[in-house]
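Colleague: Provided herewith: target04.cif, mmCIF, C-alpha atoms.
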data_my_file
#
loop_
_atom_site.label_atom_id
_atom_site.label_comp_id
_atom_site.auth_asym_id
_atom_site.auth_seq_id
_atom_site.Cartn_x
_atom_site.Cartn_y
_atom_site.Cartn_z
CA MET A 1 -121.77 201.26 43.35
CA LEU A 2 -120.30 203.84 45.74
CA LEU A 3 -121.33 201.62 48.65
CA THR A 4 -119.59 198.66 46.98
CA LEU A 5 -116.39 200.63 46.45
CA ALA A 6 -116.55 201.85 50.06
CA CYS A 7 -116.94 198.26 51.34
CA ILE A 8 -113.96 197.11 49.27
CA TYR A 9 -111.86 200.06 50.46
CA ILE A 10 -112.70 199.35 54.11
CA SER A 11 -111.86 195.67 53.65
CA SER A 12 -108.50 196.65 52.13
CA LEU A 13 -107.78 198.78 55.18
CA MET A 14 -108.63 195.79 57.38
CA THR A 15 -106.00 193.72 55.57
CA LYS A 16 -103.36 196.43 56.03
CA ARG A 17 -104.14 196.81 59.74
CA LYS A 18 -104.36 193.01 60.14
CA ILE A 19 -107.84 193.15 61.67
CA PRO A 20 -109.16 189.58 62.01
CA TYR A 21 -112.24 188.63 59.99
CA LYS A 22 -114.26 185.49 59.27
CA ILE A 23 -115.40 184.19 55.89
CA ARG A 24 -117.64 181.16 55.71
CA ASP A 25 -116.23 178.05 54.08
CA ILE A 26 -117.43 177.17 50.57
CA GLY A 27 -117.24 173.40 50.11
CA ALA A 28 -117.01 173.46 46.31
CA LEU A 29 -114.05 175.83 46.36
CA ASP A 30 -112.29 174.05 49.23
CA SER A 31 -112.37 170.83 47.22
CA VAL A 32 -110.75 172.28 44.04
CA ASP A 33 -107.16 171.50 45.12
CA ASP A 34 -108.13 168.04 46.41
CA ALA A 35 -109.93 167.22 43.15
CA ILE A 36 -106.88 168.17 41.06
CA ALA A 37 -104.52 166.26 43.38
CA ARG A 38 -106.84 163.23 43.20
CA CYS A 39 -106.58 163.25 39.40
CA ALA A 40 -102.78 163.47 39.58
CA GLU A 41 -102.69 160.46 41.93
CA MET A 42 -105.00 158.41 39.73
CA GLY A 43 -103.22 159.45 36.52
CA ARG A 44 -106.48 160.70 35.05
CA PRO A 45 -106.97 164.07 33.34
CA VAL A 46 -108.79 167.11 34.64
CA LEU A 47 -111.45 168.48 32.30
CA VAL A 48 -112.53 172.12 32.31
CA SER A 49 -115.69 173.15 30.49
CA LEU A 50 -115.91 176.89 29.79
CA GLY A 51 -119.64 176.91 29.14
CA LYS A 52 -121.57 177.91 26.07
CA ARG A 53 -121.83 181.66 26.67
CA ALA A 54 -119.82 184.24 24.74
CA VAL A 55 -116.62 185.62 26.28
CA ARG A 56 -118.25 188.95 27.18
CA HIS A 57 -120.95 187.27 29.33
CA GLN A 58 -120.52 187.81 33.09
CA ASP A 59 -120.28 184.06 33.79
CA SER A 60 -117.54 183.73 31.17
CA VAL A 61 -115.57 186.66 32.59
CA ALA A 62 -115.83 185.10 36.06
CA ALA A 63 -114.53 181.80 34.59
CA VAL A 64 -111.25 183.35 33.39
CA PRO A 65 -109.49 183.65 36.77
CA ILE A 66 -110.74 180.21 37.86
CA LEU A 67 -109.37 178.60 34.69
CA SER A 68 -106.07 180.39 35.35
CA TYR A 69 -106.01 178.97 38.90
CA ILE A 70 -106.87 175.43 37.77
CA ALA A 71 -104.23 175.53 35.00
CA THR A 72 -101.55 176.64 37.47
CA LYS A 73 -102.51 173.96 39.98
CA CYS A 74 -102.58 171.23 37.31
CA ALA A 75 -99.11 172.32 36.14
CA GLU A 76 -97.81 172.29 39.72
CA VAL A 77 -99.01 168.77 40.55
CA GLY A 78 -98.40 167.37 37.06
CA SER A 79 -102.01 166.60 36.27
CA GLU A 80 -103.10 166.41 32.64
CA LEU A 81 -105.49 169.24 31.72
CA ILE A 82 -108.11 169.31 28.99
CA THR A 83 -110.03 172.54 28.42
CA CYS A 84 -113.08 172.54 26.18
CA THR A 85 -114.47 175.63 24.50
CA CYS A 86 -117.87 176.15 22.95
CA GLN A 87 -117.37 179.54 21.27
CA PRO A 88 -114.57 180.10 18.72
CA GLU A 89 -113.53 183.40 20.33
CA TRP A 90 -112.83 181.47 23.56
CA GLN A 91 -110.15 179.40 21.80
CA PRO A 92 -107.24 181.91 21.64
CA LEU A 93 -108.15 183.32 25.06
CA ALA A 94 -108.27 179.89 26.73
CA GLU A 95 -104.96 178.91 25.11
CA THR A 96 -103.32 182.05 26.46
CA ILE A 97 -104.71 181.54 29.97
CA VAL A 98 -103.66 177.87 30.15
CA GLU A 99 -100.20 178.62 28.75
CA GLU A 100 -99.83 181.47 31.25
CA GLY A 101 -100.83 179.10 34.07
CA PHE A 102 -98.11 176.64 33.05
CA ARG A 103 -95.61 179.49 32.77
CA VAL A 104 -96.47 180.73 36.27
CA ALA A 105 -95.95 177.19 37.60
CA GLY A 106 -92.53 177.14 35.92
CA VAL A 107 -93.30 174.28 33.52
CA GLN A 108 -94.11 176.11 30.30
CA GLU A 109 -92.51 173.29 28.28
CA ALA A 110 -95.28 170.96 29.54
CA TYR A 111 -97.91 173.11 27.83
CA ASN A 112 -99.40 171.60 24.71
CA PRO A 113 -101.89 173.43 22.41
CA ASP A 114 -103.92 170.19 22.28
CA MET A 115 -104.95 170.89 25.87
CA VAL A 116 -107.49 173.44 24.64
CA ARG A 117 -110.10 171.92 22.36
CA PHE A 118 -112.95 173.50 20.50
CA ILE A 119 -116.04 171.28 20.43
CA SER A 120 -119.03 173.08 18.93
CA PRO A 121 -120.91 176.37 19.27
CA MET A 122 -124.20 174.43 19.64
CA GLY A 123 -124.98 173.67 23.27
CA TYR A 124 -126.17 170.06 22.86
CA ALA A 125 -123.39 169.18 20.42
CA TYR A 126 -120.93 170.68 22.88
CA VAL A 127 -122.07 168.54 25.83
CA THR A 128 -122.18 165.42 23.65
CA GLY A 129 -118.59 166.04 22.56
CA MET A 130 -117.60 166.63 26.19
CA LEU A 131 -119.22 163.36 27.30
CA GLY A 132 -117.25 161.60 24.56
CA ILE A 133 -113.99 163.03 25.93
CA VAL A 134 -114.92 162.08 29.50
CA ASN A 135 -115.68 158.52 28.38
CA ARG A 136 -112.66 158.01 26.09
CA GLU A 137 -110.01 159.68 28.20
CA LYS A 138 -111.29 158.54 31.62
CA VAL A 139 -111.50 162.03 33.06
CA GLY A 140 -111.10 162.14 36.85
CA THR A 141 -112.65 165.52 37.58
CA THR A 142 -114.82 167.82 35.51
CA PHE A 143 -114.94 171.51 36.33
CA MET A 144 -117.98 173.29 34.95
CA LEU A 145 -117.22 176.99 34.60
CA GLY A 146 -118.99 179.72 32.63
CA GLY A 147 -122.63 179.96 31.61
CA TYR A 148 -125.00 177.19 30.55
CA GLY A 149 -128.56 176.61 29.47
CA GLY A 150 -130.74 173.51 29.46
CA GLU A 151 -127.88 171.27 28.33
CA LEU A 152 -126.20 171.65 31.71
CA LEU A 153 -128.08 168.68 33.18
CA ILE A 154 -126.89 166.31 30.42
CA LEU A 155 -123.29 167.36 30.98
CA SER A 156 -123.40 167.27 34.75
CA GLU A 157 -125.36 164.04 35.21
CA GLY A 158 -123.75 162.30 32.23
CA THR A 159 -120.26 163.12 33.48
CA GLY A 160 -121.15 161.84 36.94
CA LEU A 161 -122.49 158.58 35.47
CA LEU A 162 -119.14 158.14 33.69
CA ASP A 163 -117.36 158.01 37.08
CA SER A 164 -115.98 161.52 36.99
CA MET A 165 -116.17 163.90 39.93
CA VAL A 166 -118.20 167.00 38.98
CA LEU A 167 -117.49 170.45 40.41
CA SER A 168 -119.77 173.21 39.23
CA ILE A 169 -118.18 176.61 39.90
CA ASN A 170 -120.37 179.24 38.29
CA GLY A 171 -123.17 181.64 39.08
CA VAL A 172 -125.81 180.12 36.78
CA TYR A 173 -128.96 180.55 38.87
CA SER A 174 -131.52 179.58 36.23
CA GLN A 175 -130.25 175.98 36.26
CA VAL A 176 -129.35 175.77 39.93
CA TYR A 177 -131.80 172.89 40.57
CA SER A 178 -130.09 170.78 37.89
CA ILE A 179 -126.64 171.46 39.31
CA ILE A 180 -127.60 170.68 42.90
CA ILE A 181 -129.10 167.29 42.10
CA SER A 182 -126.37 166.18 39.71
CA ALA A 183 -123.00 167.72 40.69
CA ASP A 184 -120.78 166.50 43.53
CA TYR A 185 -119.92 170.03 44.64
CA THR A 186 -121.55 173.22 43.52
CA THR A 187 -121.49 176.94 44.12
CA ILE A 188 -124.81 178.75 44.37
CA GLY A 189 -125.45 182.30 43.19
CA GLU A 190 -122.75 184.75 44.21
CA GLU A 191 -120.36 181.98 45.33
CA GLY A 192 -119.50 181.44 41.69
CA TYR A 193 -118.43 185.07 41.30
CA ALA A 194 -116.57 184.96 44.61
CA ALA A 195 -114.54 181.91 43.56
CA SER A 196 -111.52 183.75 42.17
CA ALA A 197 -111.19 185.88 45.31
CA TYR A 198 -111.72 182.85 47.58
CA LEU A 199 -109.00 180.91 45.77
CA GLY A 200 -106.70 183.95 45.56
CA THR A 201 -104.35 185.68 47.96
CA GLU A 202 -105.28 187.03 51.41
CA GLU A 203 -105.63 190.51 49.89
CA GLN A 204 -108.20 189.15 47.40
CA ARG A 205 -110.03 187.02 49.98
CA ILE A 206 -110.86 190.04 52.11
CA ASN A 207 -113.08 191.27 49.27
CA LEU A 208 -115.51 188.50 50.20
CA PHE A 209 -115.90 190.19 53.55
CA ALA A 210 -116.95 193.32 51.62
CA SER A 211 -119.43 191.16 49.69
CA ASP A 212 -120.90 189.84 52.96
CA VAL A 213 -121.23 193.38 54.35
CA LEU A 214 -123.02 194.45 51.19
CA LYS A 215 -125.37 191.48 51.50
CA ILE A 216 -126.21 192.40 55.09
CA VAL A 217 -126.92 196.01 54.01
CA SER A 218 -129.14 194.73 51.15
CA ILE A 219 -131.07 192.43 53.49
CA ALA A 220 -131.51 195.30 55.95
CA ALA A 221 -132.76 197.54 53.13
CA CYS A 222 -135.24 194.81 52.09
CA VAL A 223 -136.54 194.44 55.66
CA VAL A 224 -136.90 198.24 56.07
CA GLY A 225 -138.66 198.37 52.68
CA ILE A 226 -141.11 195.61 53.71
CA ILE A 227 -141.91 197.38 56.99
CA LEU A 228 -142.36 200.80 55.35
CA THR A 229 -144.54 199.30 52.58
CA ASN A 230 -146.78 197.55 55.12
CA LEU A 231 -147.06 200.73 57.15
CA GLY A 232 -148.14 202.57 54.01
CA VAL A 233 -145.23 205.04 54.20
CA ILE A 234 -143.97 204.20 50.69
CA MET B 235 -93.80 198.01 34.83
CA SER B 236 -94.70 195.65 32.03
CA TYR B 237 -96.45 197.64 29.29
CA LYS B 238 -97.68 194.42 27.69
CA ARG B 239 -99.83 193.84 30.79
CA GLU B 240 -100.45 197.29 32.19
CA ILE B 241 -101.70 198.97 29.00
CA PRO B 242 -104.58 196.50 28.40
CA VAL B 243 -105.52 196.74 32.09
CA MET B 244 -105.52 200.55 31.93
CA LEU B 245 -107.53 200.55 28.69
CA GLY B 246 -110.02 198.13 30.23
CA THR B 247 -110.41 200.29 33.32
CA ILE B 248 -110.91 203.50 31.31
CA ILE B 249 -113.58 201.84 29.15
CA ILE B 250 -115.37 200.39 32.19
CA VAL B 251 -115.39 203.81 33.90
CA ILE B 252 -116.77 205.51 30.77
CA LEU B 253 -119.57 202.93 30.43
CA LEU B 254 -120.35 203.09 34.13
CA VAL B 255 -120.50 206.87 34.32
CA ASN B 256 -122.66 206.99 31.19
CA TYR B 257 -125.02 204.43 32.72
CA VAL B 258 -125.48 206.50 35.87
CA ILE B 259 -125.55 210.02 34.34
CA GLU B 260 -126.53 210.42 30.72
CA VAL B 261 -124.12 212.75 28.90
CA SER B 262 -124.32 213.07 25.11
CA PHE B 263 -120.52 213.22 24.80
CA LEU B 264 -120.11 209.95 26.74
CA GLN B 265 -123.02 208.41 24.84
CA ASN B 266 -121.16 209.03 21.58
CA ILE B 267 -118.04 207.39 23.00
CA GLU B 268 -120.12 204.43 24.19
CA ASN B 269 -121.67 203.99 20.75
CA GLU B 270 -118.21 204.11 19.20
CA LEU B 271 -116.88 201.59 21.73
CA THR B 272 -119.82 199.26 21.08
CA SER B 273 -119.03 199.33 17.34
CA TRP B 274 -115.38 198.58 18.11
CA ALA B 275 -116.42 195.72 20.39
CA THR B 276 -118.38 194.17 17.52
CA ILE B 277 -115.41 194.54 15.16
CA ILE B 278 -112.95 193.07 17.69
CA ALA B 279 -115.35 190.19 18.45
CA SER B 280 -115.57 189.44 14.70
CA PHE B 281 -111.78 189.32 14.45
CA ALA B 282 -111.59 187.12 17.55
CA LEU B 283 -114.15 184.80 15.91
CA GLY B 284 -112.03 184.66 12.76
CA GLN B 285 -108.88 184.09 14.77
CA GLY B 286 -110.56 181.26 16.65
CA PHE B 287 -111.72 179.70 13.38
CA PHE B 288 -108.22 179.72 11.84
CA ASN B 289 -106.76 178.58 15.13
CA ILE B 290 -108.98 175.49 15.12
CA LEU B 291 -108.07 174.67 11.51
CA THR B 292 -104.35 175.08 12.27
CA ILE B 293 -104.48 172.87 15.35
CA THR B 294 -106.45 170.18 13.50
CA TYR B 295 -103.98 170.29 10.59
CA LYS B 296 -101.03 169.92 12.98
CA ARG B 297 -102.69 166.97 14.72
CA ILE B 298 -103.30 165.25 11.38
CA LYS B 299 -99.65 165.78 10.39
CA ARG B 300 -98.45 164.34 13.71
CA GLU B 301 -100.63 161.22 13.49
CA PRO B 302 -100.04 159.43 10.15
CA ASN B 303 -102.74 156.79 10.71
CA VAL B 304 -105.74 157.70 8.51
CA VAL B 305 -108.21 155.66 10.57
CA ASN B 306 -107.31 157.50 13.78
CA ASN B 307 -107.60 160.80 11.97
CA LEU B 308 -110.95 160.06 10.38
CA PRO B 309 -112.98 162.28 12.78
CA LYS B 310 -110.56 165.17 12.13
CA TYR B 311 -110.81 164.74 8.34
CA THR B 312 -114.58 164.62 8.71
CA MET B 313 -114.56 167.81 10.78
CA ILE B 314 -112.49 169.68 8.19
CA LEU B 315 -114.76 168.42 5.39
CA VAL B 316 -117.91 169.50 7.24
CA VAL B 317 -116.41 172.92 8.09
CA ALA B 318 -115.30 173.42 4.47
CA PHE B 319 -118.70 172.30 3.17
CA LEU B 320 -120.65 174.62 5.47
CA THR B 321 -118.25 177.50 4.76
CA VAL B 322 -118.84 177.08 1.03
CA ILE B 323 -122.61 177.02 1.60
CA GLY B 324 -122.38 180.07 3.87
CA LEU B 325 -120.27 182.00 1.35
CA ALA B 326 -122.35 180.92 -1.64
CA GLY B 327 -125.67 181.82 -0.12
CA THR B 328 -126.71 183.08 3.29
CA ALA B 329 -128.36 181.54 6.32
CA ASN B 330 -131.66 181.96 4.44
CA SER B 331 -130.53 180.10 1.30
CA PRO B 332 -132.55 176.94 0.47
CA LEU B 333 -129.43 174.75 0.64
CA TYR B 334 -128.54 175.94 4.13
CA GLU B 335 -132.15 175.62 5.20
CA PHE B 336 -132.26 172.06 3.85
CA TRP B 337 -129.26 171.01 5.95
CA TYR B 338 -130.65 172.81 8.96
CA VAL B 339 -134.11 171.24 8.75
CA THR B 340 -133.01 167.71 7.81
CA LEU B 341 -129.86 167.36 9.92
CA GLN B 342 -129.31 169.91 12.65
CA PHE B 343 -132.86 170.34 13.89
CA PRO B 344 -133.69 166.60 14.33
CA VAL B 345 -130.35 165.94 16.07
CA HIS B 346 -130.92 168.92 18.37
CA GLN B 347 -134.41 167.76 19.23
CA THR B 348 -133.19 164.21 19.88
CA LEU B 349 -130.66 165.47 22.40
CA ASN B 350 -133.30 167.70 23.95
CA GLY B 351 -135.51 164.65 24.42
CA LEU B 352 -132.60 162.68 25.85
CA LYS B 353 -132.51 165.15 28.72
CA ILE B 354 -135.55 163.52 30.33
CA PHE B 355 -133.55 160.32 31.01
CA PHE B 356 -130.75 162.28 32.65
CA LEU B 357 -133.37 164.16 34.66
CA ALA B 358 -134.88 160.88 35.86
CA SER B 359 -131.43 159.56 36.80
CA ALA B 360 -130.53 162.76 38.68
CA ALA B 361 -133.95 162.91 40.37
CA TYR B 362 -133.57 159.32 41.55
CA ARG B 363 -130.35 160.22 43.36
CA ALA B 364 -131.80 163.45 44.75
CA MET B 365 -134.94 161.75 46.04
CA ARG B 366 -133.16 159.25 48.26
CA VAL B 367 -134.21 160.11 51.81
CA THR B 368 -131.08 160.30 53.96
CA SER B 369 -131.86 163.25 56.23
CA ILE B 370 -134.69 165.54 57.33
CA ASP B 371 -133.71 168.03 54.58
CA SER B 372 -133.92 165.39 51.87
CA ALA B 373 -137.23 164.11 53.30
CA LEU B 374 -138.70 167.63 53.03
CA LEU B 375 -137.35 167.93 49.49
CA VAL B 376 -138.94 164.61 48.48
CA ALA B 377 -142.28 165.54 50.06
CA SER B 378 -142.31 168.90 48.24
CA MET B 379 -141.33 167.28 44.96
CA MET B 380 -144.07 164.68 45.28
CA VAL B 381 -146.75 167.32 45.84
CA VAL B 382 -145.54 169.47 42.94
CA ALA B 383 -145.18 166.43 40.67
CA ILE B 384 -148.71 165.17 41.44
CA SER B 385 -150.28 168.60 40.86
CA ALA B 386 -148.42 169.01 37.58
CA THR B 387 -149.90 165.81 36.11
CA PRO B 388 -153.19 166.03 34.14
CA LEU B 389 -154.95 163.76 36.66
CA GLY B 390 -153.28 165.35 39.68
CA GLU B 391 -156.37 167.15 40.93
CA MET B 392 -158.41 163.92 40.66
CA ILE B 393 -155.79 161.89 42.55
CA TRP B 394 -155.45 164.46 45.32
CA PRO B 395 -157.90 167.40 45.20
CA GLY B 396 -155.83 169.70 47.46
CA SER B 397 -152.53 169.13 45.69
CA THR B 398 -152.79 172.14 43.35
CA ALA B 399 -153.29 174.62 46.20
CA ILE B 400 -150.40 173.17 48.24
CA SER B 401 -148.20 173.05 45.13
CA SER B 402 -148.99 176.69 44.31
CA TRP B 403 -148.13 177.70 47.86
CA ILE B 404 -144.79 175.82 47.71
CA LEU B 405 -143.89 177.43 44.40
CA ASP B 406 -145.14 180.94 45.25
CA PHE B 407 -143.73 181.36 48.76
CA PRO B 408 -140.79 179.12 49.80
CA GLY B 409 -139.83 178.44 46.16
CA SER B 410 -139.89 181.97 44.81
CA GLY B 411 -138.45 183.31 48.10
CA ALA B 412 -135.40 181.06 47.78
CA GLU B 413 -135.12 181.84 44.07
CA ARG B 414 -135.18 185.59 44.72
CA ALA B 415 -132.53 185.20 47.41
CA ILE B 416 -130.26 183.38 44.96
CA ILE B 417 -130.87 185.98 42.22
CA LEU B 418 -130.31 188.87 44.64
CA THR B 419 -127.05 187.48 46.01
CA ALA B 420 -125.89 186.61 42.51
CA GLY B 421 -126.52 190.24 41.55
CA ILE B 422 -124.46 191.42 44.53
CA GLY B 423 -121.76 188.92 43.57
CA ILE B 424 -121.65 190.33 40.02
CA ILE B 425 -121.41 193.92 41.35
CA ILE B 426 -118.55 193.02 43.72
CA PHE B 427 -116.79 191.05 40.98
CA GLY B 428 -117.12 194.01 38.59
CA ALA B 429 -115.77 196.36 41.25
CA ARG B 430 -112.79 194.03 41.84
CA VAL B 431 -112.04 194.06 38.11
CA LEU B 432 -112.38 197.85 38.05
CA LEU B 433 -110.00 198.25 41.00
CA TRP B 434 -107.38 195.93 39.45
CA LYS B 435 -107.86 193.33 42.16
CA GLU B 436 -108.76 190.68 39.55
CA ARG B 437 -105.69 190.92 37.37
CA ARG B 438 -106.14 187.35 36.12
CA VAL B 439 -109.14 188.54 34.11
CA TYR B 440 -106.67 190.48 31.98
CA GLY B 441 -104.33 187.48 31.76
CA GLY B 442 -102.12 188.67 34.63
#
Will you turn the file into structure tokens for me?
Modeller:
Amino acid sequence: MLLTLACIYISSLMTKRKIPYKIRDIGALDSVDDAIARCAEMGRPVLVSLGKRAVRHQDSVAAVPILSYIATKCAEVGSELITCTCQPEWQPLAETIVEEGFRVAGVQEAYNPDMVRFISPMGYAYVTGMLGIVNREKVGTTFMLGGYGGELLILSEGTGLLDSMVLSINGVYSQVYSIIISADYTTIGEEGYAASAYLGTEEQRINLFASDVLKIVSIAACVVGIILTNLGVI
Amino acid sequence: MSYKREIPVMLGTIIIVILLVNYVIEVSFLQNIENELTSWATIIASFALGQGFFNILTITYKRIKREPNVVNNLPKYTMILVVAFLTVIGLAGTANSPLYEFWYVTLQFPVHQTLNGLKIFFLASAAYRAMRVTSIDSALLVASMMVVAISATPLGEMIWPGSTAISSWILDFPGSGAERAIILTAGIGIIIFGARVLLWKERRVYGG
């Protein structure tokens, strides 16, 4: 934890001193703006699924800033937004985030409480309801945020079959095989947790550099551990 | 300074620090605070659940009022009826009551299992797209999938005697290696994300 804080502090200093750095491109996150703009051009709504996990789950917490970003972007370009929740406690939170996004974009009057819809707390019922919305309302892009279980494949593949672009922005690693084969763009592992920083300001983006440094240190520690174990030292 | 925003952020940070310090060094005083906070979290979550429930009913009621056509509103009426029905059952008995169990066994369970079974068709559809050979990477993926698929069938060993050994190697070495890499980096991602929240660099998490 101390190492993490040190990495973040050093990266903050780099921003202040304007030291150049390089962060690799993440296709799924680069295509967020294009996907929303595409929906605005086609006059089709953007659908955001917040996953089936409770609000306190790490994937759900990571989904909050991304939903905020998507809501602001949709408000800016005038794209219709539908947000679906699976847990009742998500409902007031999602309403607040979406309303805040519209307020930040300066079009609070365009916000409508109908934009946030509760489907069902049961995973399969949730994805079935979502597929119904995608089919009826001709959704242009579906963003899959938050945590999922086995029902993820039905949502992802079913949405794709209904002619909607699918962007999976989450850190769900247990279902990563399902996402890769069915979604148009996907984040893998830590990319899902890095999304909010990647899509944020320059000061937030530099934190990804800290993440990369930490990864290099972890890999180095693994390699040293392997060598020491094979030498019989530890 | 906006107290409406800053106070929740400060409270959140203090709670995170307490939990973190207690995780690293066990202090009985902090442990008591953590237990108290956990109880509060449960209470707040229950209120949030209740708020969400009433919020849904309010929104549905408003939608029904706005749309006078009964036919268009039929799903919404049905939803309210089902919610009211299950609430009455839940209040009258518990989750273990025979009435609740009857509805669970005869309605919810079969529907759930049907959707679970439906997944295989989506899997086949997704696998068809994934198994189209368009590059060297996809060719390797298809070859690996074929070996694993053959070995996983009951007659796999009869069709190809060496398939089980190759399949085990694919799953144990390249497969689990890649899986561990994803899990490890996801763990690092969660740590960095948590640190960003702790250092107020993720203000959107608090609605900022």
Colleague: Quick one: which chain A residues come within 8 Å of chain B, and what is the nearest atom pair for each with the distance in Å to one decimal, counting all atoms listed in the file, rows ordered by chain and ascending number, as a tab-separated table?
Modeller:
residue	atom	partner	partner_atom	distance
A:Met1	CA	B:Ile425	CA	7.6
A:Thr4	CA	B:Ile426	CA	6.6
A:Leu5	CA	B:Ala429	CA	6.8
A:Gln58	CA	B:Ile424	CA	7.5
A:Val61	CA	B:Val439	CA	6.9
A:Ala62	CA	B:Val439	CA	7.8
A:Val64	CA	B:Val439	CA	5.6
A:Pro65	CA	B:Arg438	CA	5.0
A:Ser68	CA	B:Arg438	CA	7.0
A:Pro88	CA	B:Gly286	CA	4.7
A:Glu89	CA	B:Leu283	CA	4.7
A:Trp90	CA	B:Gly286	CA	7.3
A:Gln91	CA	B:Gly286	CA	5.5
A:Pro92	CA	B:Gly286	CA	6.0
A:Thr96	CA	B:Gly441	CA	7.7
A:Ile97	CA	B:Gly441	CA	6.2
A:Glu100	CA	B:Gly441	CA	7.5
A:Pro113	CA	B:Ile293	CA	7.5
A:Asp114	CA	B:Ile293	CA	7.5
A:Phe118	CA	B:Ile290	CA	7.0
A:Tyr124	CA	B:Leu349	CA	6.4
A:Ala125	CA	B:His346	CA	7.8
A:Glu151	CA	B:Lys353	CA	7.7
A:Leu153	CA	B:Phe356	CA	7.0
A:Ile154	CA	B:Lys353	CA	6.0
A:Glu157	CA	B:Phe356	CA	6.2
A:Gly158	CA	B:Phe356	CA	7.0
A:Gly171	CA	B:Ala420	CA	6.6
A:Tyr173	CA	B:Ile417	CA	6.7
A:Ile181	CA	B:Ala364	CA	5.4
A:Ser182	CA	B:Ala360	CA	5.5
A:Ile188	CA	B:Ile416	CA	7.2
A:Gly189	CA	B:Ala420	CA	4.4
A:Glu190	CA	B:Ala420	CA	4.0
A:Glu191	CA	B:Gly423	CA	7.3
A:Tyr193	CA	B:Gly423	CA	5.6
A:Ala194	CA	B:Gly423	CA	6.6
A:Ser196	CA	B:Glu436	CA	7.9
A:Ala197	CA	B:Glu436	CA	7.9
A:Gln204	CA	B:Lys435	CA	6.7
A:Asn207	CA	B:Arg430	CA	7.9
A:Ser211	CA	B:Ile426	CA	6.3
A:Leu214	CA	B:Ile422	CA	7.5
A:Lys215	CA	B:Thr419	CA	7.0
Colleague: Go through B:Gly351, B:Leu253, B:Pro302, B:Ser273 one by one, measure the shortest atom-to-atom distance of each to Gly150 (chain A) using all atoms listed in the file, and give the residue with the smallest value.
Modeller: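 Selected residue with least distance to Gly150 (chain A): B:Gly351.
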Colleague: List as a PyMOL selection string the protein and nucleic acid residues near region 129-145 of chain A, meaning an atom at most 6 Å away when all atoms listed in the file are counted, but skip any in the same chain fewer than 3 places from it.
Modeller: chain A and resi 39+44-51+63+126+164-170
Colleague: Please measure the separation of CA of Asp406 (chain B) and CA of Ala383 (chain B), giving the value in Å to one decimal.
Modeller: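 We find that CA of Asp406 (chain B) and CA of Ala383 (chain B) lie 15.2 Å from each other.
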Colleague: Can you list, as a PyMOL selection string, the residues that the PyMOL selection byres ((chain B and resi 381) around 12) selects here?
Modeller: chain B and resi 374-380+382-387+390-391+393-405
Colleague: Residues picked by the PyMOL selection byres ((chain A and resi 76) around 12) here, as a PyMOL selection string?
Modeller: chain A and resi 33+36-37+40+69-75+77-81+101-108+110-111
Colleague: Just give me the gap between CA of Ala28 (chain A) and CA of Ser178 (chain A) in Å, one decimal is fine.
Modeller: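 Taking CA of Ala28 (chain A) as the start and CA of Ser178 (chain A) as the end point, the length is 15.8 Å.
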Colleague: Report the distance between CA of Gly200 (chain A) and CA of Tyr9 (chain A) in Å, rounded to one decimal place.
Modeller: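 These atoms are spaced 17.6 Å apart.
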Colleague: Pick out the residues sitting within 12 Å of Leu245 (chain B), and hand them over as JSON, numbers by chain; count only C-alpha atoms, and ignore anything fewer than 6 positions along from it in its own chain.
Modeller: {"B": [237, 238, 239, 251, 252, 271, 432, 434, 440]}
Colleague: Can you complete the atoms of region 27-35 of chain A to N, CA and C atoms and list them as a PDB file, in the coordinates of the input?
Modeller:
ATOM      1  N   GLY A  27    -117.685 174.781  50.341  1.00  0.00           N
ATOM      2  CA  GLY A  27    -117.240 173.400  50.110  1.00  0.00           C
ATOM      3  C   GLY A  27    -116.695 173.169  48.705  1.00  0.00           C
ATOM      4  N   ALA A  28    -117.415 173.697  47.708  1.00  0.00           N
ATOM      5  CA  ALA A  28    -117.010 173.460  46.310  1.00  0.00           C
ATOM      6  C   ALA A  28    -115.625 174.028  46.034  1.00  0.00           C
ATOM      7  N   LEU A  29    -115.331 175.177  46.629  1.00  0.00           N
ATOM      8  CA  LEU A  29    -114.050 175.830  46.360  1.00  0.00           C
ATOM      9  C   LEU A  29    -112.930 175.213  47.200  1.00  0.00           C
ATOM     10  N   ASP A  30    -113.292 174.722  48.403  1.00  0.00           N
ATOM     11  CA  ASP A  30    -112.290 174.050  49.230  1.00  0.00           C
ATOM     12  C   ASP A  30    -111.828 172.747  48.593  1.00  0.00           C
ATOM     13  N   SER A  31    -112.700 172.151  47.789  1.00  0.00           N
ATOM     14  CA  SER A  31    -112.370 170.830  47.220  1.00  0.00           C
ATOM     15  C   SER A  31    -111.650 170.923  45.869  1.00  0.00           C
ATOM     16  N   VAL A  32    -111.399 172.138  45.363  1.00  0.00           N
ATOM     17  CA  VAL A  32    -110.750 172.280  44.040  1.00  0.00           C
ATOM     18  C   VAL A  32    -109.355 171.636  44.054  1.00  0.00           C
ATOM     19  N   ASP A  33    -108.539 172.024  45.043  1.00  0.00           N
ATOM     20  CA  ASP A  33    -107.160 171.500  45.120  1.00  0.00           C
ATOM     21  C   ASP A  33    -107.167 169.985  45.284  1.00  0.00           C
ATOM     22  N   ASP A  34    -108.056 169.489  46.169  1.00  0.00           N
ATOM     23  CA  ASP A  34    -108.130 168.040  46.410  1.00  0.00           C
ATOM     24  C   ASP A  34    -108.518 167.298  45.137  1.00  0.00           C
ATOM     25  N   ALA A  35    -109.454 167.869  44.385  1.00  0.00           N
ATOM     26  CA  ALA A  35    -109.930 167.220  43.150  1.00  0.00           C
ATOM     27  C   ALA A  35    -108.794 167.117  42.119  1.00  0.00           C
TER      28      ALA A  35
END
